[in-house]
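Enquirer: One structure follows; several queries about it will come next.
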Amino acid sequence: PFACLSLGHIANLSKALSLLCEDKDFRSMIMIRTDNTLENMEIQDLQWCEKTLIKLKVKMKGELMYPPGRLFFMKRSLEGSVVSIREVHRSKFSELKLHPRMLDVSRHVPSLYESLLQEMCGLDI
């Protein structure tokens, strides 16, 4: 997730939060329309969310910056026995996606990536 965090993302997030702070009706509508799991949401609520997101994106003009070079996504299987790696295009990181584990720094330290790569190569260093 940190590959996509730039000042442009922060500026855009700030604009969205500002709108939420200023517009009580907008906040209430979001709570009403999203008060269910994604699978159980009504189609009109999903469409409203999509239209609202498009309108918000128009207001978000922050310049997005990306790390130089190639980007790779590493993932360990749920069982923990298989590590996969794949190259991804930077467009995958065009939006800041929030996740509860996003700010768990222990999941994003360089030594973790190194050990996963060694594991993939079967190295015991």
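Going by the structure tokens order, chains are called A, B, ..., each with residues numbered from 1, while ligands are numbered from 1 in the order shown.
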Enumerate, as a ChimeraX atom specification, the complete set of residues in chain A that a backbone-based DSSP assignment places in alpha helix (DSSP H).

Expert: /A:7-22,24-33,43-59,110-121

Enquirer: For Glu87 in chain A, find every residue with an atom within 10 Å (counting only C-alpha atoms), except residues of its own chain fewer than 3 positions away, and show them as a VMD selection string.

Expert: chain A and resid 70 to 74 90

Enquirer: As a VMD selection string, list the residues of chain A assigned to strand (DSSP E) by DSSP on the backbone atoms of this structure.

Expert: chain A and resid 71 to 76 83 to 88

Enquirer: Between A:Lys75, A:Arg86, A:Lys92, A:Lys57, which is the closest to Leu13 in chain A once you count only C-alpha atoms?

Expert: A:Lys57

Enquirer: Looking at A:Leu64, A:Leu116, A:Ser84, A:Asp104, which one is nearest to Ile10 in chain A, with distances taken over only C-alpha atoms?

Expert: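 Going through A:Leu64, A:Leu116, A:Ser84, A:Asp104 one by one, the smallest distance to Ile10 in chain A is for A:Leu64.
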
Enquirer: Extract, using only C-alpha atoms, all DNA, RNA and protein residues at most 12 Å from Met29 in chain A, discarding same-chain residues fewer than 5 positions from it, and format them as a PDB file with C-alpha atoms, in the first residue's frame.

Expert:
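Ended up saving to result30.pdb:
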```pdb
ATOM      1  CA  LEU A  20     -17.526  15.084   4.508  1.00  0.00           C
ATOM      2  CA  ASP A  23     -21.792  18.529   4.295  1.00  0.00           C
ATOM      3  CA  LYS A  24     -23.832  16.815   7.007  1.00  0.00           C
ATOM      4  CA  THR A  34     -23.732   1.854   2.796  1.00  0.00           C
ATOM      5  CA  ASP A  35     -25.328   0.428   5.929  1.00  0.00           C
ATOM      6  CA  ASP A  45     -27.329   2.112  -3.566  1.00  0.00           C
ATOM      7  CA  TRP A  48     -25.347   5.880  -6.105  1.00  0.00           C
ATOM      8  CA  CYS A  49     -21.951   4.969  -4.627  1.00  0.00           C
ATOM      9  CA  THR A  52     -20.724   9.697  -6.016  1.00  0.00           C
TER      10      THR A  52
END
```
